[in-house]
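Content type PDB, C-alpha atoms, from the file data-v4.pdb:
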```pdb
MODEL        1
ATOM      1  CA  MET A  63    -218.128 -28.662 -49.701  1.00  0.00           C
ATOM      2  CA  LYS A  64    -215.710 -25.759 -49.939  1.00  0.00           C
ATOM      3  CA  SER A  65    -213.690 -26.953 -46.914  1.00  0.00           C
ATOM      4  CA  GLN A  66    -213.460 -30.428 -48.445  1.00  0.00           C
ATOM      5  CA  ALA A  67    -212.041 -28.890 -51.633  1.00  0.00           C
ATOM      6  CA  HIS A  68    -209.509 -26.937 -49.545  1.00  0.00           C
ATOM      7  CA  ARG A  69    -208.499 -30.092 -47.705  1.00  0.00           C
ATOM      8  CA  LEU A  70    -208.080 -31.954 -50.982  1.00  0.00           C
ATOM      9  CA  ALA A  71    -205.979 -29.117 -52.414  1.00  0.00           C
ATOM     10  CA  ALA A  72    -203.818 -29.021 -49.265  1.00  0.00           C
ATOM     11  CA  LEU A  73    -203.382 -32.801 -49.338  1.00  0.00           C
ATOM     12  CA  THR A  74    -202.425 -32.708 -53.020  1.00  0.00           C
ATOM     13  CA  LEU A  75    -199.881 -29.968 -52.366  1.00  0.00           C
ATOM     14  CA  ALA A  76    -198.403 -31.818 -49.378  1.00  0.00           C
ATOM     15  CA  LEU A  77    -198.146 -35.049 -51.364  1.00  0.00           C
ATOM     16  CA  GLY A  78    -196.473 -33.200 -54.230  1.00  0.00           C
ATOM     17  CA  LEU A  79    -193.939 -31.621 -51.899  1.00  0.00           C
ATOM     18  CA  LEU A  80    -193.242 -34.964 -50.238  1.00  0.00           C
ATOM     19  CA  LEU A  81    -192.704 -36.705 -53.564  1.00  0.00           C
ATOM     20  CA  GLY A  82    -190.516 -33.830 -54.713  1.00  0.00           C
ATOM     21  CA  LEU A  83    -188.393 -34.082 -51.565  1.00  0.00           C
ATOM     22  CA  ALA A  84    -188.018 -37.842 -52.008  1.00  0.00           C
ATOM     23  CA  ALA A  85    -186.986 -37.356 -55.644  1.00  0.00           C
ATOM     24  CA  CYS A  86    -184.502 -34.648 -54.643  1.00  0.00           C
ATOM     25  CA  ASP A  87    -182.985 -36.935 -51.999  1.00  0.00           C
ATOM     26  CA  ARG A  88    -182.526 -39.762 -54.516  1.00  0.00           C
ATOM     27  CA  GLN A  89    -180.898 -37.355 -56.976  1.00  0.00           C
ATOM     28  CA  ASN A  90    -178.656 -35.823 -54.305  1.00  0.00           C
ATOM     29  CA  ILE A  91    -177.607 -39.239 -53.002  1.00  0.00           C
ATOM     30  CA  SER A  92    -176.776 -40.467 -56.510  1.00  0.00           C
ATOM     31  CA  GLU A  93    -174.464 -37.477 -56.983  1.00  0.00           C
ATOM     32  CA  LEU A  94    -172.420 -38.272 -53.865  1.00  0.00           C
ATOM     33  CA  GLU A  95    -169.723 -40.931 -53.598  1.00  0.00           C
ATOM     34  CA  GLU A  96    -168.192 -42.299 -50.404  1.00  0.00           C
ATOM     35  CA  GLY A  97    -164.477 -41.529 -50.185  1.00  0.00           C
ATOM     36  CA  VAL A  98    -164.672 -38.974 -53.014  1.00  0.00           C
ATOM     37  CA  SER A  99    -167.350 -36.373 -52.222  1.00  0.00           C
ATOM     38  CA  THR A 100    -166.347 -33.584 -49.862  1.00  0.00           C
ATOM     39  CA  GLU A 101    -168.122 -31.832 -47.008  1.00  0.00           C
ATOM     40  CA  ALA A 102    -168.803 -28.966 -49.425  1.00  0.00           C
ATOM     41  CA  ASP A 103    -170.429 -31.410 -51.877  1.00  0.00           C
ATOM     42  CA  VAL A 104    -172.695 -32.748 -49.113  1.00  0.00           C
ATOM     43  CA  ARG A 105    -173.711 -29.275 -47.942  1.00  0.00           C
ATOM     44  CA  GLU A 106    -174.324 -28.165 -51.538  1.00  0.00           C
ATOM     45  CA  ARG A 107    -176.785 -31.006 -52.095  1.00  0.00           C
ATOM     46  CA  PHE A 108    -178.383 -31.335 -48.648  1.00  0.00           C
ATOM     47  CA  GLY A 109    -177.899 -27.897 -47.081  1.00  0.00           C
ATOM     48  CA  ALA A 110    -177.139 -27.264 -43.427  1.00  0.00           C
ATOM     49  CA  PRO A 111    -177.550 -30.340 -41.215  1.00  0.00           C
ATOM     50  CA  GLU A 112    -180.223 -30.546 -38.498  1.00  0.00           C
ATOM     51  CA  ALA A 113    -177.512 -31.592 -36.030  1.00  0.00           C
ATOM     52  CA  VAL A 114    -173.807 -32.383 -36.095  1.00  0.00           C
ATOM     53  CA  TRP A 115    -172.492 -35.205 -33.925  1.00  0.00           C
ATOM     54  CA  GLU A 116    -168.862 -35.966 -33.080  1.00  0.00           C
ATOM     55  CA  GLY A 117    -167.788 -39.313 -34.525  1.00  0.00           C
ATOM     56  CA  ASP A 118    -164.746 -41.523 -34.118  1.00  0.00           C
ATOM     57  CA  ASP A 119    -161.246 -40.380 -35.090  1.00  0.00           C
ATOM     58  CA  GLY A 120    -162.226 -36.749 -35.714  1.00  0.00           C
ATOM     59  CA  ALA A 121    -165.180 -37.564 -37.976  1.00  0.00           C
ATOM     60  CA  GLN A 122    -168.415 -35.576 -37.888  1.00  0.00           C
ATOM     61  CA  ILE A 123    -171.858 -37.044 -38.435  1.00  0.00           C
ATOM     62  CA  TYR A 124    -174.385 -34.761 -40.122  1.00  0.00           C
ATOM     63  CA  GLU A 125    -178.066 -35.403 -39.472  1.00  0.00           C
ATOM     64  CA  TYR A 126    -180.584 -34.655 -42.220  1.00  0.00           C
ATOM     65  CA  ASN A 127    -184.087 -35.113 -40.879  1.00  0.00           C
ATOM     66  CA  ARG A 128    -187.089 -35.800 -43.124  1.00  0.00           C
ATOM     67  CA  GLN A 129    -189.634 -36.063 -40.287  1.00  0.00           C
ATOM     68  CA  PRO A 130    -192.540 -35.434 -39.753  1.00  0.00           C
ATOM     69  CA  ALA A 131    -193.812 -35.805 -43.343  1.00  0.00           C
ATOM     70  CA  GLY A 132    -191.012 -37.992 -44.692  1.00  0.00           C
ATOM     71  CA  TYR A 133    -189.919 -41.529 -43.884  1.00  0.00           C
ATOM     72  CA  GLN A 134    -186.156 -41.099 -43.613  1.00  0.00           C
ATOM     73  CA  ASN A 135    -183.506 -39.593 -41.429  1.00  0.00           C
ATOM     74  CA  TYR A 136    -180.108 -39.516 -43.106  1.00  0.00           C
ATOM     75  CA  GLN A 137    -176.776 -39.513 -41.336  1.00  0.00           C
ATOM     76  CA  ILE A 138    -173.775 -38.544 -43.412  1.00  0.00           C
ATOM     77  CA  THR A 139    -170.320 -39.105 -41.945  1.00  0.00           C
ATOM     78  CA  ILE A 140    -167.585 -36.665 -42.928  1.00  0.00           C
ATOM     79  CA  GLY A 141    -164.155 -38.088 -42.134  1.00  0.00           C
ATOM     80  CA  ALA A 142    -161.302 -36.128 -40.593  1.00  0.00           C
ATOM     81  CA  ASP A 143    -159.964 -35.753 -44.160  1.00  0.00           C
ATOM     82  CA  GLY A 144    -163.096 -33.774 -45.132  1.00  0.00           C
ATOM     83  CA  LYS A 145    -164.454 -36.534 -47.394  1.00  0.00           C
ATOM     84  CA  MET A 146    -167.791 -38.300 -47.084  1.00  0.00           C
ATOM     85  CA  ALA A 147    -167.142 -41.644 -45.408  1.00  0.00           C
ATOM     86  CA  ALA A 148    -170.750 -42.896 -45.172  1.00  0.00           C
ATOM     87  CA  LEU A 149    -174.331 -41.976 -46.062  1.00  0.00           C
ATOM     88  CA  ARG A 150    -176.993 -43.950 -44.208  1.00  0.00           C
ATOM     89  CA  GLN A 151    -180.782 -43.858 -43.881  1.00  0.00           C
ATOM     90  CA  VAL A 152    -181.146 -44.739 -40.191  1.00  0.00           C
ATOM     91  CA  LEU A 153    -184.915 -45.335 -39.814  1.00  0.00           C
ATOM     92  CA  ALA A 154    -184.889 -49.083 -40.361  1.00  0.00           C
ATOM     93  CA  PRO A 155    -185.764 -52.186 -38.321  1.00  0.00           C
ATOM     94  CA  HIS A 156    -182.121 -53.271 -37.968  1.00  0.00           C
ATOM     95  CA  ASN A 157    -181.404 -49.964 -36.164  1.00  0.00           C
ATOM     96  CA  PHE A 158    -184.583 -50.166 -34.071  1.00  0.00           C
ATOM     97  CA  GLU A 159    -183.415 -53.560 -32.755  1.00  0.00           C
ATOM     98  CA  ARG A 160    -180.362 -51.852 -31.260  1.00  0.00           C
ATOM     99  CA  ILE A 161    -182.520 -49.719 -28.941  1.00  0.00           C
ATOM    100  CA  GLN A 162    -182.429 -51.402 -25.541  1.00  0.00           C
ATOM    101  CA  PRO A 163    -184.110 -50.725 -22.165  1.00  0.00           C
ATOM    102  CA  GLY A 164    -182.057 -48.362 -20.024  1.00  0.00           C
ATOM    103  CA  MET A 165    -180.482 -46.455 -22.927  1.00  0.00           C
ATOM    104  CA  PRO A 166    -180.474 -42.676 -22.443  1.00  0.00           C
ATOM    105  CA  MET A 167    -182.587 -40.529 -24.747  1.00  0.00           C
ATOM    106  CA  GLU A 168    -179.488 -38.742 -26.101  1.00  0.00           C
ATOM    107  CA  GLN A 169    -178.087 -42.043 -27.383  1.00  0.00           C
ATOM    108  CA  VAL A 170    -181.383 -42.960 -29.076  1.00  0.00           C
ATOM    109  CA  ARG A 171    -181.660 -39.475 -30.574  1.00  0.00           C
ATOM    110  CA  ARG A 172    -178.151 -39.768 -31.962  1.00  0.00           C
ATOM    111  CA  MET A 173    -178.898 -43.197 -33.457  1.00  0.00           C
ATOM    112  CA  LEU A 174    -182.226 -42.309 -35.115  1.00  0.00           C
ATOM    113  CA  GLY A 175    -182.216 -38.539 -35.554  1.00  0.00           C
ATOM    114  CA  LYS A 176    -184.905 -36.100 -34.569  1.00  0.00           C
ATOM    115  CA  PRO A 177    -188.282 -37.753 -33.989  1.00  0.00           C
ATOM    116  CA  MET A 178    -191.474 -36.928 -35.841  1.00  0.00           C
ATOM    117  CA  LYS A 179    -193.313 -36.281 -32.577  1.00  0.00           C
ATOM    118  CA  ILE A 180    -192.683 -36.198 -28.823  1.00  0.00           C
ATOM    119  CA  THR A 181    -195.669 -36.870 -26.579  1.00  0.00           C
ATOM    120  CA  PRO A 182    -195.505 -36.625 -22.779  1.00  0.00           C
ATOM    121  CA  TYR A 183    -197.990 -38.701 -20.762  1.00  0.00           C
ATOM    122  CA  ALA A 184    -197.901 -37.100 -17.297  1.00  0.00           C
ATOM    123  CA  LEU A 185    -200.221 -39.577 -15.580  1.00  0.00           C
ATOM    124  CA  LYS A 186    -198.245 -42.569 -16.854  1.00  0.00           C
ATOM    125  CA  GLN A 187    -194.956 -40.748 -16.217  1.00  0.00           C
ATOM    126  CA  GLU A 188    -193.787 -41.617 -19.728  1.00  0.00           C
ATOM    127  CA  THR A 189    -192.692 -39.748 -22.814  1.00  0.00           C
ATOM    128  CA  HIS A 190    -193.123 -41.283 -26.275  1.00  0.00           C
ATOM    129  CA  TYR A 191    -190.842 -40.413 -29.187  1.00  0.00           C
ATOM    130  CA  ASP A 192    -192.258 -41.402 -32.607  1.00  0.00           C
ATOM    131  CA  TRP A 193    -190.501 -41.806 -35.961  1.00  0.00           C
ATOM    132  CA  ARG A 194    -192.375 -42.473 -39.221  1.00  0.00           C
ATOM    133  CA  TYR A 195    -190.700 -44.968 -41.553  1.00  0.00           C
ATOM    134  CA  ARG A 196    -191.437 -47.348 -44.401  1.00  0.00           C
ATOM    135  CA  ASP A 197    -190.950 -51.061 -43.950  1.00  0.00           C
ATOM    136  CA  GLY A 198    -191.336 -51.737 -47.671  1.00  0.00           C
ATOM    137  CA  PRO A 199    -191.705 -49.870 -50.966  1.00  0.00           C
ATOM    138  CA  ASN A 200    -195.404 -48.973 -50.778  1.00  0.00           C
ATOM    139  CA  GLU A 201    -197.341 -46.285 -48.929  1.00  0.00           C
ATOM    140  CA  GLY A 202    -199.215 -49.062 -47.106  1.00  0.00           C
ATOM    141  CA  ASP A 203    -195.869 -50.128 -45.603  1.00  0.00           C
ATOM    142  CA  THR A 204    -195.685 -46.933 -43.516  1.00  0.00           C
ATOM    143  CA  LYS A 205    -195.203 -47.537 -39.804  1.00  0.00           C
ATOM    144  CA  LEU A 206    -194.451 -45.651 -36.618  1.00  0.00           C
ATOM    145  CA  PHE A 207    -191.574 -46.670 -34.395  1.00  0.00           C
ATOM    146  CA  THR A 208    -192.114 -45.529 -30.816  1.00  0.00           C
ATOM    147  CA  VAL A 209    -189.619 -45.396 -27.974  1.00  0.00           C
ATOM    148  CA  VAL A 210    -191.144 -45.084 -24.507  1.00  0.00           C
ATOM    149  CA  PHE A 211    -188.993 -43.194 -22.005  1.00  0.00           C
ATOM    150  CA  SER A 212    -189.185 -43.041 -18.218  1.00  0.00           C
ATOM    151  CA  PRO A 213    -189.201 -39.715 -16.319  1.00  0.00           C
ATOM    152  CA  ASP A 214    -185.373 -39.774 -16.277  1.00  0.00           C
ATOM    153  CA  LEU A 215    -185.428 -40.213 -20.106  1.00  0.00           C
ATOM    154  CA  ARG A 216    -184.231 -43.804 -20.172  1.00  0.00           C
ATOM    155  CA  VAL A 217    -185.731 -46.343 -22.580  1.00  0.00           C
ATOM    156  CA  VAL A 218    -188.512 -48.419 -21.045  1.00  0.00           C
ATOM    157  CA  SER A 219    -189.771 -50.152 -24.205  1.00  0.00           C
ATOM    158  CA  THR A 220    -190.188 -49.856 -27.965  1.00  0.00           C
ATOM    159  CA  MET A 221    -192.896 -50.765 -30.451  1.00  0.00           C
ATOM    160  CA  SER A 222    -193.641 -50.565 -34.139  1.00  0.00           C
ATOM    161  CA  VAL A 223    -197.207 -50.185 -35.431  1.00  0.00           C
ATOM    162  CA  ARG A 224    -198.963 -49.458 -38.696  1.00  0.00           C
ATOM    163  CA  ASP A 225    -199.113 -45.682 -39.260  1.00  0.00           C
ATOM    164  CA  PRO A 226    -202.539 -44.585 -37.927  1.00  0.00           C
ATOM    165  CA  ASP A 227    -202.657 -41.829 -40.579  1.00  0.00           C
ATOM    166  CA  LEU A 228    -203.122 -44.536 -43.222  1.00  0.00           C
ATOM    167  CA  ASP A 229    -206.460 -45.509 -41.689  1.00  0.00           C
ATOM    168  CA  ARG A 230    -207.618 -41.916 -41.039  1.00  0.00           C
ATOM    169  CA  SER A 231    -207.519 -41.034 -44.725  1.00  0.00           C
ATOM    170  CA  ARG A 232    -210.011 -43.757 -45.677  1.00  0.00           C
TER     171      ARG A 232
ENDMDL
END
```
Encoded form (structure tokens):
Amino acid sequence: MKSQAHRLAALTLALGLLLGLAACDRQNISELEEGVSTEADVRERFGAPEAVWEGDDGAQIYEYNRQPAGYQNYQITIGADGKMAALRQVLAPHNFERIQPGMPMEQVRRMLGKPMKITPYALKQETHYDWRYRDGPNEGDTKLFTVVFSPDLRVVSTMSVRDPDLDRSR
């Protein structure tokens, strides 16, 4: 009984933190404007990026990861002029469709951000990268997008399934 109460308290805390993070992201995004906000504005609202990628024409792409508990990975492009050129949530079906067999892991990682989980399957000689995302506005719309890589870390296949955590909590 006591352990069940602890689990419930931990779940409540985790849910509260997740909702707080989502609310903070919405607030931070609403305070930024493409072409106007500066790199300093972005860092003030989002902090240090998880990764920084080189973009076209001297731009830099900042990665802000919300995995494993969240459903988003943001990429914010800072132009060569130091202004925010784009702010995108990249975990979406239209981006998943761009992942093709043969692509190197580094290219996928750059497109989608850091995965929620990486699972090697030695006997199958595969490695699975998973990202949690929402394919709709409700918690029941939570899914996992998986990219299966070969031993040389090239895409073999992809799949999207209902998030198994949704069924475990029943």
- Query: Could you name the residues that touch Asp214 of chain A at 9 Å or less, counting all atoms listed in the file, but leaving out those on the same chain fewer than 3 positions away, as a PyMOL selection string?
  - Reply: chain A and resi 166-167+211
So for segment 162-173 of chain A, what box centre and size do we get, axis-aligned, 5 Å extra on each of the six sides, every listed atom, Å to one decimal, as AutoDock Vina command-line options?
```
--center_x -181.1 --center_y -45.1 --center_z -26.7 --size_x 16.0 --size_y 22.7 --size_z 23.4
```
- Message: Calculated over all atoms listed in the file, which of the candidates A:Thr139, A:Ala102, A:Phe207, A:Gly144 has the smallest distance to Asn157 of chain A?
- Response: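 Ranked by minimum distance to Asn157 of chain A, first place goes to A:Phe207.
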- Query: Can you list what the PyMOL selection byres ((chain A and resi 218) around 12) grabs from this structure, as a list in words?
  - Reply: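 Residues picked by the PyMOL selection byres ((chain A and resi 218) around 12): Ile161, Gln162, Pro163, Gly164, Met165, Pro166, Met167, Gln187, Glu188, Thr189, His190, Tyr191, Thr208, Val209, Val210, Phe211, Ser212, Pro213, Asp214, Leu215, Arg216, Val217, Ser219, Thr220 and Met221 of chain A.
Taking atom CA of Val152 of chain A and atom CA of Tyr136 of chain A as the two end points, the separation is 6.1 Å.
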- Between atom CA of Asp225 of chain A and atom CA of Arg160 of chain A, measure the distance and give it in Å to one decimal.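 If I compute the distance from atom CA of Asp225 of chain A to atom CA of Arg160 of chain A, I get 21.3 Å.
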- Which value, in Å to one decimal, gives the distance between atom CA of Gln169 of chain A and atom CA of Val223 of chain A? 22.3 Å
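The residue that comes closest to Thr204 of chain A, out of A:Gln122, A:Ser92, A:Asn127, A:Ser222 and on the basis of all atoms listed in the file, is A:Ser222.
Comparing the minimum interatomic distances between Asp192 of chain A and each of A:Val114, A:Gln129, A:Arg230, A:Asp143, counting all atoms listed in the file, we find that A:Gln129 sits nearest.
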- Write out as a list in words which residues come within 9 Å of Ala142 of chain A when counting only C-alpha atoms, dropping same-chain ones fewer than 6 positions away. Asp119, Gly120, Ala121 and Gln122 of chain A
Enumerate, in order of chain and increasing residue number, the residues of segment 107-148 of chain A with an atom no farther than 9 Å from segment 171-174 of chain A, each with its shortest atom pair and distance in Å to one decimal, counting only C-alpha atoms, as JSON lines.
```
{"residue": "A:Trp115", "atom": "CA", "partner": "A:Arg172", "partner_atom": "CA", "distance": 7.5}
{"residue": "A:Glu125", "atom": "CA", "partner": "A:Arg172", "partner_atom": "CA", "distance": 8.7}
{"residue": "A:Asn135", "atom": "CA", "partner": "A:Leu174", "partner_atom": "CA", "distance": 7.0}
{"residue": "A:Tyr136", "atom": "CA", "partner": "A:Leu174", "partner_atom": "CA", "distance": 8.7}
{"residue": "A:Gln137", "atom": "CA", "partner": "A:Leu174", "partner_atom": "CA", "distance": 8.7}
```
- Task: Determine the nearest neighbour of Glu96 of chain A from the options A:Ile140, A:Ala147, A:Ala184, A:Met178, counting all atoms listed in the file.
- Result: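 Checking each of A:Ile140, A:Ala147, A:Ala184, A:Met178 against Glu96 of chain A, counting all atoms listed in the file, the winner is A:Ala147.
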- Note on the structure: Counting only C-alpha atoms, closest pick from A:Ala131, A:Leu94, A:Ala110, A:Leu228 relative to Met146 of chain A is A:Leu94
- Convert the output of the PyMOL selection byres ((chain A and resi 196) around 10) on the shown file into explicit residues, formatted as a PyMOL selection string. chain A and resi 132-134+153-155+194-195+197-206+224-225
- Task: Using all atoms listed in the file, find the one residue out of A:Val170, A:Ile138, A:Leu185, A:Ala148 that sits nearest to Arg105 of chain A.
- Result: A:Ile138
